[in-house]
Amino acid sequence: MSAWGVKLYQNDIAKDIKHMYKEYLRNGKTNEEATQELILKFEGVLEDIEDGANFWLALADQQWQLGKLMPYVKEQALNQIQNGADLRIWYETSTELGNERKKVLEELSIKLNSLQPPEKKISKRRYYKCPWKVGDVFAVEMNTAYAKEQGLYGKYMIFQKAAQKLRAVDDELDGNTSPIIRCWINETPHFTKMCKCIRWSKNLNNYGKYHYAYEIYTTSKRSVSKNLIYLGNYELIIPENDAGDIINCQKIVYWNNIEKIIIDNYKKYI
């Protein structure tokens with residue numbers, strides 16, 4: 001365990017529980033489902049005197065604050081307080097720390113045995129789901145100062161959705177779906193098969209291929225460029241020396257920096 005104080009959330013396990021419990025609820029899990037997910041995720045530490053105690057104490061405290069305290073969780077937390085194993089470790093460190101920890105545990109015991117507040121509603125998180133179809137092509141006029149500095153002002157960045165990526169909710173606490181694109185630059189906002197996709201990998205891989213795919217990481221519709229020009233849906237443009245595996249091998253960009261990154265790679269490699 002990594003602890004830096006006697007207070008309830010002055011250790012890594014309790015901080016993780018505080019964050020993850022609420023995240024599971026925001027991701028649409030019921031209180032029972034969130035609790036079981038945490039028990040399964042932390043089952044390897046539940047028998048540890050310190051980490052196990054911190055797990056149940058933090059979970060019970062979080063549930064009580066939200067008016068969601070489950071009898072089983074309350075029982076586990078109170079058992080940890082009553083058996084005194086956690087407290088003995090602090091007294092072994094120093095009498096002063098032991099006394100401070102004892103006060104924290106006594107206050108928590110009183111709280112858990114008191115009437116909990118009314119159950120609080122947790123708003124579910126809304127995730128961005130990219131509405132584009134594979135093959136959709138868009139154009140964006142490059143009219144920034146950087147485009148002008150690089151001699152590309154007024155030209156168009158063209159990109160085609162080649163795939164999409166869903167980030168795992170439970171592992172990364174993220175459920176946004178982002179488009180994976182291949183991109184090129186045109187004089188006009190028109191689709192053409194005679195294009196040179198802009199790669200981002202500097203060197204050939206072991207199979208003599210380059211990486212061309214970019215993921216436009218998107219968490220909200222508000223972040224998507226308002227200047228998109230839809231050109232239609234077309235057969236995918238795939239360079240002959242494309243390395244493939246675009247789900248796992250792509251460069252992450254954002255709407256506020258995609259133009260600069262594309263321009264920089266265009267100047268480097270085309």
# chains A, B, ... in the order shown; residues from 1 in each chain; ligands from 1

call {"tool": "select_by_dssp", "arguments": {"residues": "stretch 134-185 of chain A", "states": "helix (DSSP H, G or I)", "output": "list in words"}}
result
Ala145, Tyr146, Ala147, Lys148, Glu149, Val169, Asp170, Asp171 and Glu172 of chain A

call {"tool": "residues_around", "arguments": {"residues": "stretch 140-154 of chain A", "least_positions_apart": "4", "cutoff": "12 Å", "atoms": "only C-alpha atoms", "output": "number ranges by chain"}}
result
A: 158-160, 183-190, 224-231, 255-268

call {"tool": "select_by_dssp", "arguments": {"residues": "stretch 171-259 of chain A", "states": "strand (DSSP E)", "output": "list in words"}}
result
Thr177, Ser178, Pro179, Ile180, Ile181, Arg182, Cys183, Trp184, Ile185, Asn186, Tyr214, Glu215, Ile216, Ile229, Tyr230, Leu231, Gly232, Asn233, Lys251, Ile252 and Val253 of chain A

call {"tool": "atom_distance", "arguments": {"atom1": "atom CA of A:Tyr269", "atom2": "atom CA of A:Val134"}}
result
25.6 Å

call {"tool": "closest_atom_pairs", "arguments": {"of": "stretch 99-201 of chain A", "to": "stretch 74-77 of chain A", "cutoff": "12 Å", "atoms": "only C-alpha atoms", "output": "tab-separated table"}}
result
residue	atom	partner	partner_atom	distance
A:Leu105	CA	A:Ala77	CA	9.9
A:Glu106	CA	A:Ala77	CA	11.8
A:Leu108	CA	A:Ala77	CA	9.3
A:Ser109	CA	A:Ala77	CA	8.4
A:Ile110	CA	A:Lys74	CA	11.6
A:Lys111	CA	A:Lys74	CA	10.6
A:Leu112	CA	A:Lys74	CA	6.9
A:Asn113	CA	A:Lys74	CA	8.5
A:Ser114	CA	A:Lys74	CA	11.3
A:Gln116	CA	A:Lys74	CA	11.5

call {"tool": "residues_around", "arguments": {"residues": "stretch 80-85 of chain A", "least_positions_apart": "5", "cutoff": "12 Å", "atoms": "only C-alpha atoms", "output": "PyMOL selection string"}}
result
chain A and resi 46-58+60+73-75+90-92+98+101-110+112

call {"tool": "residues_around", "arguments": {"residues": "stretch 18-23 of chain A", "least_positions_apart": "5", "cutoff": "8 Å", "atoms": "only C-alpha atoms", "output": "PyMOL selection string"}}
result
chain A and resi 34-35+38+58-59+62+173

call {"tool": "atom_distance", "arguments": {"atom1": "atom CA of A:Pro179", "atom2": "atom CA of A:Thr192"}}
result
20.5 Å

call {"tool": "residues_around", "arguments": {"residues": "A:Glu32", "least_positions_apart": "5", "cutoff": "10 Å", "atoms": "only C-alpha atoms", "output": "PyMOL selection string"}}
result
chain A and resi 25+37+68+70

call {"tool": "residues_around", "arguments": {"residues": "A:Lys129", "least_positions_apart": "2", "cutoff": "10 Å", "atoms": "only C-alpha atoms", "output": "MDAnalysis selection string"}}
result
chainID A and resid 126:127 131:132 164:166 175:179 218:221

call {"tool": "closest_residue", "arguments": {"among": "A:Met194, A:Ile216, A:Ala14, A:Leu97", "to": "A:Lys161", "atoms": "only C-alpha atoms"}}
result
A:Ile216

call {"tool": "residues_around", "arguments": {"residues": "A:Tyr210", "least_positions_apart": "4", "cutoff": "9 Å", "atoms": "only C-alpha atoms", "output": "list in words"}}
result
Arg199, Trp200, Ser201, Lys202, Asn203, Leu204, Asn205, Asn241, Asp242, Ala243 and Gly244 of chain A

call {"tool": "write_last_selection", "arguments": {"atoms": "all heavy atoms", "output": "compact mmCIF listing (two decimals), in the first residue's frame"}}
result
# COMPACT_ATOMS: atom_id res chain seq x y z
N ARG A 199 1.24 10.41 -44.95
CA ARG A 199 1.62 9.48 -43.90
C ARG A 199 2.15 10.25 -42.69
O ARG A 199 2.49 11.43 -42.78
CB ARG A 199 2.69 8.50 -44.40
CG ARG A 199 4.00 9.14 -44.87
CD ARG A 199 4.90 8.07 -45.46
NE ARG A 199 6.07 8.61 -46.13
CZ ARG A 199 7.24 8.81 -45.55
NH1 ARG A 199 7.38 8.52 -44.25
NH2 ARG A 199 8.27 9.28 -46.23
N TRP A 200 2.25 9.53 -41.57
CA TRP A 200 2.84 10.14 -40.38
C TRP A 200 4.05 9.38 -39.88
O TRP A 200 4.83 9.91 -39.09
CB TRP A 200 1.81 10.23 -39.25
CG TRP A 200 1.18 8.93 -38.84
CD1 TRP A 200 0.00 8.42 -39.27
CD2 TRP A 200 1.70 7.97 -37.91
NE1 TRP A 200 -0.27 7.21 -38.68
CE2 TRP A 200 0.76 6.91 -37.84
CE3 TRP A 200 2.84 7.90 -37.13
CZ2 TRP A 200 0.95 5.79 -37.02
CZ3 TRP A 200 3.03 6.79 -36.31
CH2 TRP A 200 2.10 5.76 -36.26
N SER A 201 4.25 8.14 -40.34
CA SER A 201 5.41 7.38 -39.88
C SER A 201 6.64 7.78 -40.67
O SER A 201 6.60 7.93 -41.89
CB SER A 201 5.16 5.87 -39.99
OG SER A 201 4.86 5.50 -41.32
N LYS A 202 7.74 7.96 -39.97
CA LYS A 202 8.98 8.42 -40.58
C LYS A 202 9.65 7.32 -41.39
O LYS A 202 10.18 7.56 -42.47
CB LYS A 202 9.93 8.93 -39.49
CG LYS A 202 11.26 9.46 -40.01
CD LYS A 202 12.10 9.98 -38.86
CE LYS A 202 13.43 10.51 -39.37
NZ LYS A 202 14.27 11.03 -38.25
N ASN A 203 9.64 6.11 -40.84
CA ASN A 203 10.36 5.01 -41.45
C ASN A 203 9.42 3.89 -41.90
O ASN A 203 8.32 3.73 -41.36
CB ASN A 203 11.39 4.44 -40.47
CG ASN A 203 12.39 5.48 -40.02
OD1 ASN A 203 12.93 6.21 -40.84
ND2 ASN A 203 12.63 5.54 -38.72
N LEU A 204 9.90 3.11 -42.86
CA LEU A 204 9.17 1.92 -43.27
C LEU A 204 9.14 0.92 -42.12
O LEU A 204 10.09 0.83 -41.34
CB LEU A 204 9.86 1.28 -44.48
CG LEU A 204 9.81 2.05 -45.81
CD1 LEU A 204 10.83 1.48 -46.77
CD2 LEU A 204 8.42 1.97 -46.40
N ASN A 205 8.05 0.15 -42.01
CA ASN A 205 8.04 -0.90 -41.00
C ASN A 205 8.77 -2.13 -41.54
O ASN A 205 9.39 -2.09 -42.61
CB ASN A 205 6.61 -1.23 -40.57
CG ASN A 205 5.79 -1.87 -41.68
OD1 ASN A 205 6.30 -2.22 -42.74
ND2 ASN A 205 4.50 -2.04 -41.44
N ASN A 241 1.41 1.15 -50.29
CA ASN A 241 2.35 0.81 -49.21
C ASN A 241 1.80 1.14 -47.83
O ASN A 241 2.52 1.42 -46.89
CB ASN A 241 3.69 1.54 -49.42
CG ASN A 241 3.54 3.05 -49.41
OD1 ASN A 241 2.43 3.57 -49.42
ND2 ASN A 241 4.66 3.76 -49.39
N ASP A 242 0.45 1.10 -47.71
CA ASP A 242 -0.19 1.30 -46.42
C ASP A 242 0.06 0.09 -45.53
O ASP A 242 -0.12 -1.05 -45.96
CB ASP A 242 -1.70 1.52 -46.62
CG ASP A 242 -2.41 1.90 -45.33
OD1 ASP A 242 -2.62 1.01 -44.50
OD2 ASP A 242 -2.74 3.08 -45.17
N ALA A 243 0.44 0.34 -44.28
CA ALA A 243 0.80 -0.77 -43.38
C ALA A 243 -0.41 -1.50 -42.82
O ALA A 243 -0.27 -2.60 -42.28
CB ALA A 243 1.65 -0.23 -42.23
N GLY A 244 -1.61 -0.91 -42.96
CA GLY A 244 -2.80 -1.57 -42.42
C GLY A 244 -2.86 -1.50 -40.91
O GLY A 244 -2.17 -0.68 -40.28
